[in-house]
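To start, the structure under review is shown below, and the notes come after it.
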Amino acid sequence: MKQKLVMIGNGMAGVNTIEQLIKLNPNKYEITIFGAEPYPNYNRILLSSVLAGDVGMKDITINDWDWYENNQIRLLTGQRVIEIDTKKQTVKSNLGAIVHYDEMIIATGSSPFMLPVPGAEREGVIAFRDIKDCETMIQTSKKYKNAVVIGGGLLGLEAARGLLNLNMNVKVVHLHDYLMERQLDEVAGKMLRSELEAQGMEFLMKKQTEQIIGKSRVSAIRFTDGHTVETDLVVMAVGIKPNVELAKEAGIAVNRGIVVDDDMRTNVPNISAVGECAEHRGIAYGLVAPLWEQGAVLSKRLAGIETAPYEGSILSTKLKISGVDVFSVGDFNEKPGTKTIRVHDEWRGIYKKFMLRENQIVGAVLYGDTSDSSKILQLVKLGSQMTEQLHAQLTGVGASPTGSSLDLVKAMNDEEIICGCNGVSKGVICSAIQNNGLTTVGQIKDCTTASRSCGGCKPLVQQLLELTNGDTGSDLVIKEGICGCTDKTRDEIVEAIRTMHLTTIKETIHVLGWKSEGGCPKCRPALNYFLSMVHPEDYEDHRDSRVANERRHANIQKDGTFSVVPRMYGGVTTPQDLRKIADVAEQFNVPLVKVTGGQRLDLLGVKKEDLPKMWEALDMPSGYAYGKSLRTVKTCVGSTFCRFGTQDAMGMGIKMEKRFERLDTPAKVKMAVSGCPRNCAEATIKDFGVVAIDGGWELHVGGNGGLKVRITDVITRVKTEEEVLEWAGAFVQYYREHANWNERTSEWVGRVGLASIQEALATEEQRHVLNARLDVTLSKVKDPWKADLEKRDELEKRYESIKAQLVGEL
């Protein structure tokens with residue numbers, strides 16, 4: 001008979017422990033999980049991506065409802081446990097559910113610390129901890145413009161970046177004199193501040209909040225030095241506190257967290273604790289890697305498998321703050337008895353510091369370039385000595401780099417966590433490779449979830465693949481299929497389409513041996529694009545293989561309605577078009593019309609059934625706000641009106657937008673034209689940006705203003721508008737032909753290198769050939785909603801013809 005296991009908390013650390021337990025001994029327990037939120041297990045690390053609008057709840061869900069059902073886990077969501085009876089061994093929820101346990105795990109996590117200052121209870125004062133907080137911030141940004149984030153640590157900066165993406169004015173308040181002092185040293189912290197200021201954040205350093213001012217809603221913050229700042233929203237990100245009240249009331253030993261031993265046991269029999277709520281040897285951890293290490297020990301003990309005890313963790317942090325990579329591990333601050341190795345390249349924005357104690361590597365900080373982070377983490381864990389070869393590898397100075405990082409991966413024990421986001425250990429990955437014959441990183445991701453979230457662990461996963469597969473691994477490691485349906489890479493598929501003259505999605509799937517007969521929502525849109533790119537003259541677009549938004553010519557919103565965006569070339573419109581949009585908005589009862597960041601009008605709240613008639617009534621080109629194509633060309637007024645303008649930015653922008661509208665691309669493309677170096681159109685964070693300079697134009701490529709901010713690279717300077725269009729067309733076509741599906745130009749330029757692109761576009765002849773292929777594609781495209789209307793009209797005519805024929809025969 002199965003024992004009854006109850007877990008209080010449905011967060012990342014607890015559910016990861018259950019995942020491991022099920023794999024080790026799937027039949028030992030009847031499992032019940034209480035979760036206070038109304039969701040299945042989700043990844044809190046990616047909340048900033050939700051706030052930025054890059055992903056939704058579905059994308060950050062780690063274990064969906066089906067996972068609980070398939071593993072026979074009883075999940076009670078929206079229920080908070082209010083009582084633990086350690087004598088009867090039962091728990092009781094706020095909804096009256098009473099469940100008996102033989103073993104219990106407390107995984108209640110932590111709560112955000114809210115500053116106990118006057119006014120903290122006012123409306124508009126929130127934390128940044130869960131989905132509800134994200135929703136509050138998104139809704140607030142629609143009504144208000146000013147936000148203050150209290151806390152210049154990781155969470156605070158992620159919240160600030162998200163609020164910037166929501167077009168709010170953001171000030172960050174920090175008690176310390178530099179940012180992220182727990183993860184960075186002063187040099188790296190100040191470099192980070194300079195970068196974030198360039199992105200639009202303002203910082204108020206060495207400030208302590210005294211009072212939050214307002215009537216029912218916050219209106220300002222006053223600091224202890226008398227300084228006051230007006231604001232409509234306050235986000236507190238000043239730390240967390242373990243949730244221990246429930247355990248304390250049950251008589252379980254509590255300090256800052258719930259006290260556990262090296263086996264994760266509390267002082268009460270049959271009760272364990274794991275995650276942010278647990279305190280081990282006086283430390284309550286707030287980073288994910290230690291929580292996975294705790295879970296590995298606890299799951300083995302509960303499964304009845306002998307395991308080494310948990311003896312604490314070496315803290316490391318690797319993350320991307322607003323497009324900037326940072327990493328730290330161990331003891332990275334100077335102390336008596338330590339020596340420091342520094343590399344500080346201000347021109348490239350790179351900083352590296354390594355700390356030595358008796359020549360042993362004990363800590364490090366990396367800013368801007370974290371490619372060696374996995375290697376450094378293992379060096380610190382293993383207590384490695386600094387050598388001439390290591391010095392050369394880590395700094396790029398001195399002796400020739402030798403050796404392989406595979407030796408470091410080989411020295412890791414099986415319990416060490418490789419994927420911090422999803423808590424996947426080295427042992428799990430190696431076993432999956434051996435037992436399932438895995439040969440690609442993509443297969444490992446599908447099988448174990450390693451590298452599924454942020455992707456930062458992919459180099460380590462690749463090294464494990466090479467290590468596990470031995471001599472053949474180096475050939476296998478670089479290959480990753482475009483989805484779980486195939487092992488074929490993007491280049492292999494495109495080459496097969498060309499050489500084997502494949503002309504349809506069905507034919508491609510059949511000939512190339514897809515694992516699933518009809519493909520999936522990930523590969524079908526990619527194949528549709530590859531086929532149209534290779535055969536632009538002959539291929540007929542397969543509308544059913546496009547993503548849902550493209551099929552409907554509108555973006556679905558969280559309430560199930562849609563937004564419709566007509567095209568406005570270069571952000572320029574006419575009174576007639578404005579009047580038409582207003583009339584259509586009234587005709588279809590559109591609840592909100594908003595000016596977008598791309599200088600267009602967005603009709604929000606449109607019903608699905610109204611979409612075809614609305615487009616017909618507008619009779620305007622689609623702005624492709626939903627498509628993997630050119631979205632918009634943002635412009636300033638340029639020399640037409642501005643006293644600083646040196647070129648006609650609006651005219652140039654309109655020409656570019658008309659040149660590339662309706663063109664399918666591997667991912668969305670945004671362009672901009674600024675009429676002078678003041679860059680009011682933000683051309684230096686676009687996929688293709690044009691900046692007017694004295695006597696010509698400066699052309700920029702590979703920018704991104706989203707969650708992963710990337711400043712453009714200058715590809716060339718030209719003198720005429722014709723040259724701008726020539727280079728723009730050549731760049732876009734070269735990107736179309738060589739980028740991976742879903743790969744933005746910012747990622748593509750970073751991957752292949754600016755120099756290789758400049759070489760491919762170097763001569764007028766090369767650019768002419770690329771533009772000629774682009775012209776073939778553009779000659780075949782038409783506005784999608786009009787194409788659908790034409791198709792509908794054709795079907796209606798055929799129906800009427802058949803009906804008339806039948807009537808005549810009768």
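Following the order of the structure tokens, first chain is A, next is B, and so on, with residues numbered from 1 inside each chain and ligands from 1 in the order they appear.
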
Non-local contacts of Ala585 of chain A (8 Å; only C-alpha atoms; under 5 positions in same chain excluded) as number ranges by chain: A: 590, 593, 603

Filtering to C-alpha atoms, could you give me those residues as a PDB file, in the first residue's frame?
```pdb
ATOM      1  CA  VAL A 590     -13.925  49.162 -30.464  1.00  0.00           C
ATOM      2  CA  VAL A 593      -7.740  53.000 -29.800  1.00  0.00           C
ATOM      3  CA  LEU A 603      -7.738  49.079 -32.453  1.00  0.00           C
TER       4      LEU A 603
END
```

Members of segment 560-650 of chain A assigned strand (DSSP E) by DSSP, as a list in words: Phe562, Ser563, Val564, Leu592, Val593, Lys594, Val595, Leu601, Asp602, Leu603, Leu604, Gly605, Val606, Leu630, Arg631, Thr632, Val633, Lys634 and Thr635 of chain A

For N, CA and C atoms, I'd like the residues from the last selection saved as a PDB file, in the first residue's frame.
```
ATOM      1  N   PHE A 562      -9.157  40.724 -30.023  1.00  0.00           N
ATOM      2  CA  PHE A 562      -8.025  40.908 -30.921  1.00  0.00           C
ATOM      3  C   PHE A 562      -7.728  42.395 -31.106  1.00  0.00           C
ATOM      4  N   SER A 563      -6.499  42.665 -31.555  1.00  0.00           N
ATOM      5  CA  SER A 563      -6.138  44.036 -31.913  1.00  0.00           C
ATOM      6  C   SER A 563      -5.840  44.095 -33.405  1.00  0.00           C
ATOM      7  N   VAL A 564      -6.303  45.150 -34.036  1.00  0.00           N
ATOM      8  CA  VAL A 564      -6.151  45.347 -35.482  1.00  0.00           C
ATOM      9  C   VAL A 564      -5.314  46.603 -35.713  1.00  0.00           C
ATOM     10  N   LEU A 592     -11.012  50.528 -27.307  1.00  0.00           N
ATOM     11  CA  LEU A 592      -9.802  51.329 -27.091  1.00  0.00           C
ATOM     12  C   LEU A 592      -9.038  51.486 -28.391  1.00  0.00           C
ATOM     13  N   VAL A 593      -8.632  52.716 -28.676  1.00  0.00           N
ATOM     14  CA  VAL A 593      -7.740  53.000 -29.800  1.00  0.00           C
ATOM     15  C   VAL A 593      -6.472  53.612 -29.220  1.00  0.00           C
ATOM     16  N   LYS A 594      -5.323  52.997 -29.496  1.00  0.00           N
ATOM     17  CA  LYS A 594      -4.070  53.428 -28.876  1.00  0.00           C
ATOM     18  C   LYS A 594      -2.994  53.671 -29.923  1.00  0.00           C
ATOM     19  N   VAL A 595      -2.189  54.704 -29.715  1.00  0.00           N
ATOM     20  CA  VAL A 595      -1.017  54.931 -30.554  1.00  0.00           C
ATOM     21  C   VAL A 595       0.076  53.961 -30.108  1.00  0.00           C
ATOM     22  N   LEU A 601      -1.905  53.305 -35.248  1.00  0.00           N
ATOM     23  CA  LEU A 601      -3.070  53.220 -34.386  1.00  0.00           C
ATOM     24  C   LEU A 601      -3.492  51.766 -34.239  1.00  0.00           C
ATOM     25  N   ASP A 602      -3.679  51.362 -32.995  1.00  0.00           N
ATOM     26  CA  ASP A 602      -4.041  49.985 -32.666  1.00  0.00           C
ATOM     27  C   ASP A 602      -5.477  49.965 -32.167  1.00  0.00           C
ATOM     28  N   LEU A 603      -6.345  49.221 -32.857  1.00  0.00           N
ATOM     29  CA  LEU A 603      -7.738  49.079 -32.453  1.00  0.00           C
ATOM     30  C   LEU A 603      -7.859  47.840 -31.591  1.00  0.00           C
ATOM     31  N   LEU A 604      -8.051  48.033 -30.301  1.00  0.00           N
ATOM     32  CA  LEU A 604      -7.999  46.941 -29.335  1.00  0.00           C
ATOM     33  C   LEU A 604      -9.387  46.526 -28.878  1.00  0.00           C
ATOM     34  N   GLY A 605      -9.524  45.216 -28.597  1.00  0.00           N
ATOM     35  CA  GLY A 605     -10.783  44.699 -28.074  1.00  0.00           C
ATOM     36  C   GLY A 605     -11.748  44.251 -29.148  1.00  0.00           C
ATOM     37  N   VAL A 606     -11.240  43.898 -30.335  1.00  0.00           N
ATOM     38  CA  VAL A 606     -12.095  43.506 -31.458  1.00  0.00           C
ATOM     39  C   VAL A 606     -12.509  42.040 -31.306  1.00  0.00           C
ATOM     40  N   LEU A 630       8.173  42.632 -41.924  1.00  0.00           N
ATOM     41  CA  LEU A 630       8.410  44.025 -41.537  1.00  0.00           C
ATOM     42  C   LEU A 630       7.198  44.543 -40.793  1.00  0.00           C
ATOM     43  N   ARG A 631       7.398  44.964 -39.547  1.00  0.00           N
ATOM     44  CA  ARG A 631       6.309  45.515 -38.758  1.00  0.00           C
ATOM     45  C   ARG A 631       6.090  46.994 -39.104  1.00  0.00           C
ATOM     46  N   THR A 632       7.134  47.792 -38.968  1.00  0.00           N
ATOM     47  CA  THR A 632       6.970  49.234 -39.109  1.00  0.00           C
ATOM     48  C   THR A 632       8.312  49.890 -39.374  1.00  0.00           C
ATOM     49  N   VAL A 633       8.269  51.080 -39.962  1.00  0.00           N
ATOM     50  CA  VAL A 633       9.458  51.923 -40.088  1.00  0.00           C
ATOM     51  C   VAL A 633       9.173  53.211 -39.313  1.00  0.00           C
ATOM     52  N   LYS A 634       9.805  53.353 -38.177  1.00  0.00           N
ATOM     53  CA  LYS A 634       9.597  54.518 -37.322  1.00  0.00           C
ATOM     54  C   LYS A 634      10.429  55.691 -37.845  1.00  0.00           C
ATOM     55  N   THR A 635       9.846  56.880 -37.843  1.00  0.00           N
ATOM     56  CA  THR A 635      10.571  58.048 -38.358  1.00  0.00           C
ATOM     57  C   THR A 635      10.400  59.243 -37.433  1.00  0.00           C
TER      58      THR A 635
END
```

Within 12 Å of Gly519 of chain A using only C-alpha atoms, minus same-chain residues under 6 positions, as a ChimeraX atom specification: /A:482-486,505-510,512-513,525-528,545

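Atom CA of Thr108 of chain A is positioned 18.7 Å from atom CA of Tyr68 of chain A.
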
Helix (DSSP H, G or I) positions in segment 112-227 of chain A, given as a VMD selection string: chain A and resid 131 to 141 154 to 165 186 to 199

Just to be explicit: take each residue in the selection above, keep N, CA, C and O atoms, and write the result as a short mmCIF file (atom, residue, chain, number, x, y, z; two decimals), in the first residue's frame.
```cif
data_model
loop_
_atom_site.label_atom_id
_atom_site.label_comp_id
_atom_site.auth_asym_id
_atom_site.auth_seq_id
_atom_site.Cartn_x
_atom_site.Cartn_y
_atom_site.Cartn_z
N ILE A 131 2.57 36.18 -10.77
CA ILE A 131 1.84 36.58 -11.97
C ILE A 131 0.89 37.75 -11.68
O ILE A 131 0.74 38.66 -12.50
N LYS A 132 0.26 37.73 -10.52
CA LYS A 132 -0.67 38.80 -10.16
C LYS A 132 0.03 40.14 -10.14
O LYS A 132 -0.52 41.15 -10.58
N ASP A 133 1.28 40.18 -9.64
CA ASP A 133 2.03 41.43 -9.63
C ASP A 133 2.29 41.91 -11.06
O ASP A 133 2.20 43.11 -11.35
N CYS A 134 2.63 40.98 -11.94
CA CYS A 134 2.85 41.35 -13.35
C CYS A 134 1.58 41.95 -13.95
O CYS A 134 1.64 42.97 -14.65
N GLU A 135 0.45 41.32 -13.69
CA GLU A 135 -0.81 41.83 -14.24
C GLU A 135 -1.12 43.22 -13.71
O GLU A 135 -1.59 44.09 -14.46
N THR A 136 -0.84 43.44 -12.42
CA THR A 136 -1.07 44.77 -11.84
C THR A 136 -0.20 45.82 -12.52
O THR A 136 -0.67 46.92 -12.85
N MET A 137 1.05 45.50 -12.77
CA MET A 137 1.96 46.45 -13.41
C MET A 137 1.53 46.74 -14.84
O MET A 137 1.58 47.90 -15.30
N ILE A 138 1.09 45.72 -15.55
CA ILE A 138 0.64 45.91 -16.94
C ILE A 138 -0.60 46.80 -16.97
O ILE A 138 -0.70 47.74 -17.79
N GLN A 139 -1.56 46.54 -16.10
CA GLN A 139 -2.78 47.34 -16.06
C GLN A 139 -2.49 48.78 -15.64
O GLN A 139 -3.05 49.73 -16.19
N THR A 140 -1.58 48.95 -14.69
CA THR A 140 -1.23 50.30 -14.22
C THR A 140 -0.61 51.12 -15.34
O THR A 140 -0.88 52.32 -15.48
N SER A 141 0.22 50.47 -16.16
CA SER A 141 0.91 51.19 -17.24
C SER A 141 -0.05 51.75 -18.28
O SER A 141 0.30 52.67 -19.03
N LEU A 154 18.64 42.27 -8.21
CA LEU A 154 18.19 41.55 -9.41
C LEU A 154 16.71 41.78 -9.69
O LEU A 154 16.33 42.19 -10.79
N LEU A 155 15.85 41.52 -8.71
CA LEU A 155 14.41 41.64 -8.94
C LEU A 155 14.02 43.07 -9.27
O LEU A 155 13.19 43.32 -10.15
N GLY A 156 14.61 44.02 -8.57
CA GLY A 156 14.27 45.42 -8.81
C GLY A 156 14.62 45.85 -10.22
O GLY A 156 13.82 46.53 -10.89
N LEU A 157 15.78 45.45 -10.72
CA LEU A 157 16.19 45.85 -12.06
C LEU A 157 15.36 45.14 -13.12
O LEU A 157 15.06 45.73 -14.17
N GLU A 158 14.98 43.90 -12.87
CA GLU A 158 14.10 43.21 -13.81
C GLU A 158 12.74 43.88 -13.87
O GLU A 158 12.15 44.05 -14.95
N ALA A 159 12.23 44.28 -12.71
CA ALA A 159 10.95 44.99 -12.69
C ALA A 159 11.06 46.32 -13.42
O ALA A 159 10.17 46.70 -14.20
N ALA A 160 12.16 47.03 -13.20
CA ALA A 160 12.36 48.34 -13.85
C ALA A 160 12.43 48.18 -15.36
O ALA A 160 11.85 48.98 -16.11
N ARG A 161 13.13 47.14 -15.83
CA ARG A 161 13.22 46.91 -17.27
C ARG A 161 11.85 46.62 -17.86
O ARG A 161 11.49 47.13 -18.93
N GLY A 162 11.07 45.82 -17.15
CA GLY A 162 9.73 45.52 -17.62
C GLY A 162 8.85 46.74 -17.70
O GLY A 162 8.09 46.93 -18.65
N LEU A 163 8.95 47.63 -16.71
CA LEU A 163 8.16 48.86 -16.70
C LEU A 163 8.60 49.80 -17.82
O LEU A 163 7.76 50.50 -18.41
N LEU A 164 9.89 49.82 -18.13
CA LEU A 164 10.35 50.60 -19.28
C LEU A 164 9.72 50.08 -20.56
O LEU A 164 9.29 50.85 -21.43
N ASN A 165 9.66 48.75 -20.68
CA ASN A 165 9.04 48.15 -21.87
C ASN A 165 7.55 48.49 -21.96
O ASN A 165 6.97 48.45 -23.05
N GLU A 186 32.04 46.68 -7.00
CA GLU A 186 31.71 48.08 -7.30
C GLU A 186 31.92 48.42 -8.76
O GLU A 186 31.11 49.13 -9.37
N VAL A 187 33.00 47.93 -9.37
CA VAL A 187 33.27 48.25 -10.78
C VAL A 187 32.14 47.74 -11.68
O VAL A 187 31.60 48.47 -12.51
N ALA A 188 31.79 46.46 -11.51
CA ALA A 188 30.73 45.87 -12.34
C ALA A 188 29.39 46.53 -12.07
O ALA A 188 28.60 46.78 -13.00
N GLY A 189 29.11 46.84 -10.79
CA GLY A 189 27.85 47.49 -10.44
C GLY A 189 27.70 48.85 -11.10
O GLY A 189 26.61 49.22 -11.55
N LYS A 190 28.79 49.60 -11.15
CA LYS A 190 28.72 50.93 -11.76
C LYS A 190 28.69 50.85 -13.29
O LYS A 190 28.08 51.70 -13.95
N MET A 191 29.33 49.84 -13.87
CA MET A 191 29.21 49.63 -15.32
C MET A 191 27.77 49.30 -15.69
O MET A 191 27.24 49.79 -16.69
N LEU A 192 27.14 48.48 -14.86
CA LEU A 192 25.75 48.12 -15.10
C LEU A 192 24.85 49.35 -15.03
O LEU A 192 23.96 49.54 -15.86
N ARG A 193 25.11 50.21 -14.05
CA ARG A 193 24.30 51.42 -13.92
C ARG A 193 24.41 52.29 -15.17
O ARG A 193 23.40 52.79 -15.68
N SER A 194 25.62 52.47 -15.68
CA SER A 194 25.81 53.30 -16.88
C SER A 194 25.03 52.75 -18.06
O SER A 194 24.40 53.50 -18.82
N GLU A 195 25.04 51.43 -18.21
CA GLU A 195 24.32 50.81 -19.32
C GLU A 195 22.82 51.00 -19.17
O GLU A 195 22.11 51.34 -20.13
N LEU A 196 22.31 50.83 -17.95
CA LEU A 196 20.88 50.95 -17.74
C LEU A 196 20.41 52.40 -17.86
O LEU A 196 19.30 52.66 -18.30
N GLU A 197 21.26 53.33 -17.49
CA GLU A 197 20.92 54.74 -17.69
C GLU A 197 20.80 55.06 -19.17
O GLU A 197 19.92 55.82 -19.58
N ALA A 198 21.66 54.45 -19.97
CA ALA A 198 21.58 54.66 -21.42
C ALA A 198 20.29 54.10 -21.99
O ALA A 198 19.79 54.55 -23.02
N GLN A 199 19.72 53.09 -21.32
CA GLN A 199 18.46 52.49 -21.76
C GLN A 199 17.24 53.30 -21.30
O GLN A 199 16.12 53.02 -21.73
#
```

Close residues, Gly312 of chain A itself excluded, 12 Å, only C-alpha atoms, min 2 positions apart in chain, as a PyMOL selection string: chain A and resi 260-264+278-285+289-294+297+308-310+314-315+381

Residue neighbourhood segment 72-81 of chain A, 6 Å, only C-alpha atoms, exclusion window fewer than 6 positions, as a ChimeraX atom specification: /A:31-38,92-94

When you look at Ser374 of chain A with a cut-off of 10 Å (counting only C-alpha atoms), what residues show up, excluding the ones that are within fewer than 3 positions of it in the same chain? I need them as an mmCIF file with C-alpha atoms, in the first residue's frame.
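Done, and the output landed in around_13.cif:
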```cif
data_model
loop_
_atom_site.group_PDB
_atom_site.id
_atom_site.type_symbol
_atom_site.label_atom_id
_atom_site.label_comp_id
_atom_site.auth_asym_id
_atom_site.auth_seq_id
_atom_site.Cartn_x
_atom_site.Cartn_y
_atom_site.Cartn_z
ATOM 1 C CA LYS A 318 24.415 34.047 -13.881
ATOM 2 C CA PHE A 327 28.037 36.374 -13.484
ATOM 3 C CA THR A 370 30.100 35.379 -19.398
ATOM 4 C CA SER A 371 31.106 32.696 -21.894
ATOM 5 C CA LEU A 377 32.005 27.802 -11.538
ATOM 6 C CA GLN A 378 33.652 24.376 -11.651
ATOM 7 C CA LEU A 379 37.097 25.822 -10.940
ATOM 8 C CA SER A 405 36.854 22.386 -20.275
ATOM 9 C CA LEU A 408 36.067 20.228 -15.521
ATOM 10 C CA VAL A 409 32.726 18.776 -16.569
ATOM 11 C CA ILE A 418 23.530 21.886 -14.871
ATOM 12 C CA GLY A 456 22.374 29.709 -20.497
ATOM 13 C CA CYS A 457 23.347 26.126 -19.667
ATOM 14 C CA PRO A 459 27.338 25.021 -23.470
ATOM 15 C CA LEU A 460 27.457 22.677 -20.453
#
```

d(atom CA of Ser779 of chain A, atom CA of Met620 of chain A) in Å: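 Distance between the two atoms: 19.3 Å.
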
Length of the atom CA of Glu121 of chain A to atom CA of Val172 of chain A vector [Å]: 19.9 Å

Shortest interatomic distance to Gln360 of chain A - which of A:Asn267, A:Thr646, A:Ser384, A:Ser431, counting only C-alpha atoms: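 Smallest distance to Gln360 of chain A is found for A:Ser384.
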
Selection: 10 Å around Tyr569 of chain A, only C-alpha atoms, excl. self and same-chain fewer than 4 positions, as a ChimeraX atom specification: /A:573,599-600,621,623,632-635,650-651,653-658,661

Written file, previous selection with N, CA and C atoms, as a PDB file, in the first residue's frame:
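Below you can see part.pdb, which holds the result:
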```
ATOM      1  N   THR A 573       0.132  59.733 -41.701  1.00  0.00           N
ATOM      2  CA  THR A 573      -1.238  59.412 -42.095  1.00  0.00           C
ATOM      3  C   THR A 573      -1.915  60.653 -42.680  1.00  0.00           C
ATOM      4  N   GLN A 599       4.364  54.052 -34.063  1.00  0.00           N
ATOM      5  CA  GLN A 599       3.709  55.199 -34.709  1.00  0.00           C
ATOM      6  C   GLN A 599       2.536  54.789 -35.599  1.00  0.00           C
ATOM      7  N   ARG A 600       1.679  53.915 -35.053  1.00  0.00           N
ATOM      8  CA  ARG A 600       0.458  53.514 -35.755  1.00  0.00           C
ATOM      9  C   ARG A 600      -0.693  53.522 -34.761  1.00  0.00           C
ATOM     10  N   PRO A 621      -4.054  48.765 -46.040  1.00  0.00           N
ATOM     11  CA  PRO A 621      -3.080  47.674 -45.909  1.00  0.00           C
ATOM     12  C   PRO A 621      -2.912  47.263 -44.455  1.00  0.00           C
ATOM     13  N   GLY A 623      -0.959  46.344 -41.139  1.00  0.00           N
ATOM     14  CA  GLY A 623       0.315  46.743 -40.560  1.00  0.00           C
ATOM     15  C   GLY A 623       1.173  45.580 -40.133  1.00  0.00           C
ATOM     16  N   THR A 632       7.134  47.792 -38.968  1.00  0.00           N
ATOM     17  CA  THR A 632       6.970  49.234 -39.109  1.00  0.00           C
ATOM     18  C   THR A 632       8.312  49.890 -39.374  1.00  0.00           C
ATOM     19  N   VAL A 633       8.269  51.080 -39.962  1.00  0.00           N
ATOM     20  CA  VAL A 633       9.458  51.923 -40.088  1.00  0.00           C
ATOM     21  C   VAL A 633       9.173  53.211 -39.313  1.00  0.00           C
ATOM     22  N   LYS A 634       9.805  53.353 -38.177  1.00  0.00           N
ATOM     23  CA  LYS A 634       9.597  54.518 -37.322  1.00  0.00           C
ATOM     24  C   LYS A 634      10.429  55.691 -37.845  1.00  0.00           C
ATOM     25  N   THR A 635       9.846  56.880 -37.843  1.00  0.00           N
ATOM     26  CA  THR A 635      10.571  58.048 -38.358  1.00  0.00           C
ATOM     27  C   THR A 635      10.400  59.243 -37.433  1.00  0.00           C
ATOM     28  N   MET A 650      11.153  61.252 -42.998  1.00  0.00           N
ATOM     29  CA  MET A 650       9.826  60.709 -43.297  1.00  0.00           C
ATOM     30  C   MET A 650       9.774  60.115 -44.695  1.00  0.00           C
ATOM     31  N   GLY A 651      10.309  60.850 -45.661  1.00  0.00           N
ATOM     32  CA  GLY A 651      10.305  60.352 -47.034  1.00  0.00           C
ATOM     33  C   GLY A 651      11.084  59.059 -47.189  1.00  0.00           C
ATOM     34  N   GLY A 653      11.716  56.895 -44.778  1.00  0.00           N
ATOM     35  CA  GLY A 653      10.996  55.843 -44.059  1.00  0.00           C
ATOM     36  C   GLY A 653       9.835  55.288 -44.857  1.00  0.00           C
ATOM     37  N   ILE A 654       9.093  56.165 -45.515  1.00  0.00           N
ATOM     38  CA  ILE A 654       7.952  55.729 -46.330  1.00  0.00           C
ATOM     39  C   ILE A 654       8.433  54.843 -47.486  1.00  0.00           C
ATOM     40  N   LYS A 655       9.534  55.244 -48.137  1.00  0.00           N
ATOM     41  CA  LYS A 655      10.071  54.432 -49.236  1.00  0.00           C
ATOM     42  C   LYS A 655      10.482  53.043 -48.744  1.00  0.00           C
ATOM     43  N   MET A 656      11.125  52.993 -47.587  1.00  0.00           N
ATOM     44  CA  MET A 656      11.560  51.708 -47.040  1.00  0.00           C
ATOM     45  C   MET A 656      10.368  50.830 -46.692  1.00  0.00           C
ATOM     46  N   GLU A 657       9.351  51.425 -46.073  1.00  0.00           N
ATOM     47  CA  GLU A 657       8.202  50.629 -45.655  1.00  0.00           C
ATOM     48  C   GLU A 657       7.434  50.096 -46.862  1.00  0.00           C
ATOM     49  N   LYS A 658       7.290  50.915 -47.892  1.00  0.00           N
ATOM     50  CA  LYS A 658       6.601  50.447 -49.091  1.00  0.00           C
ATOM     51  C   LYS A 658       7.430  49.403 -49.841  1.00  0.00           C
ATOM     52  N   GLU A 661       7.046  46.028 -47.281  1.00  0.00           N
ATOM     53  CA  GLU A 661       5.805  45.586 -46.655  1.00  0.00           C
ATOM     54  C   GLU A 661       5.370  44.233 -47.225  1.00  0.00           C
TER      55      GLU A 661
END
```

Option closest in space to Val324 of chain A, from A:Leu778, A:Leu754, A:Ile60, A:Ile711 [counting only C-alpha atoms]: A:Ile711
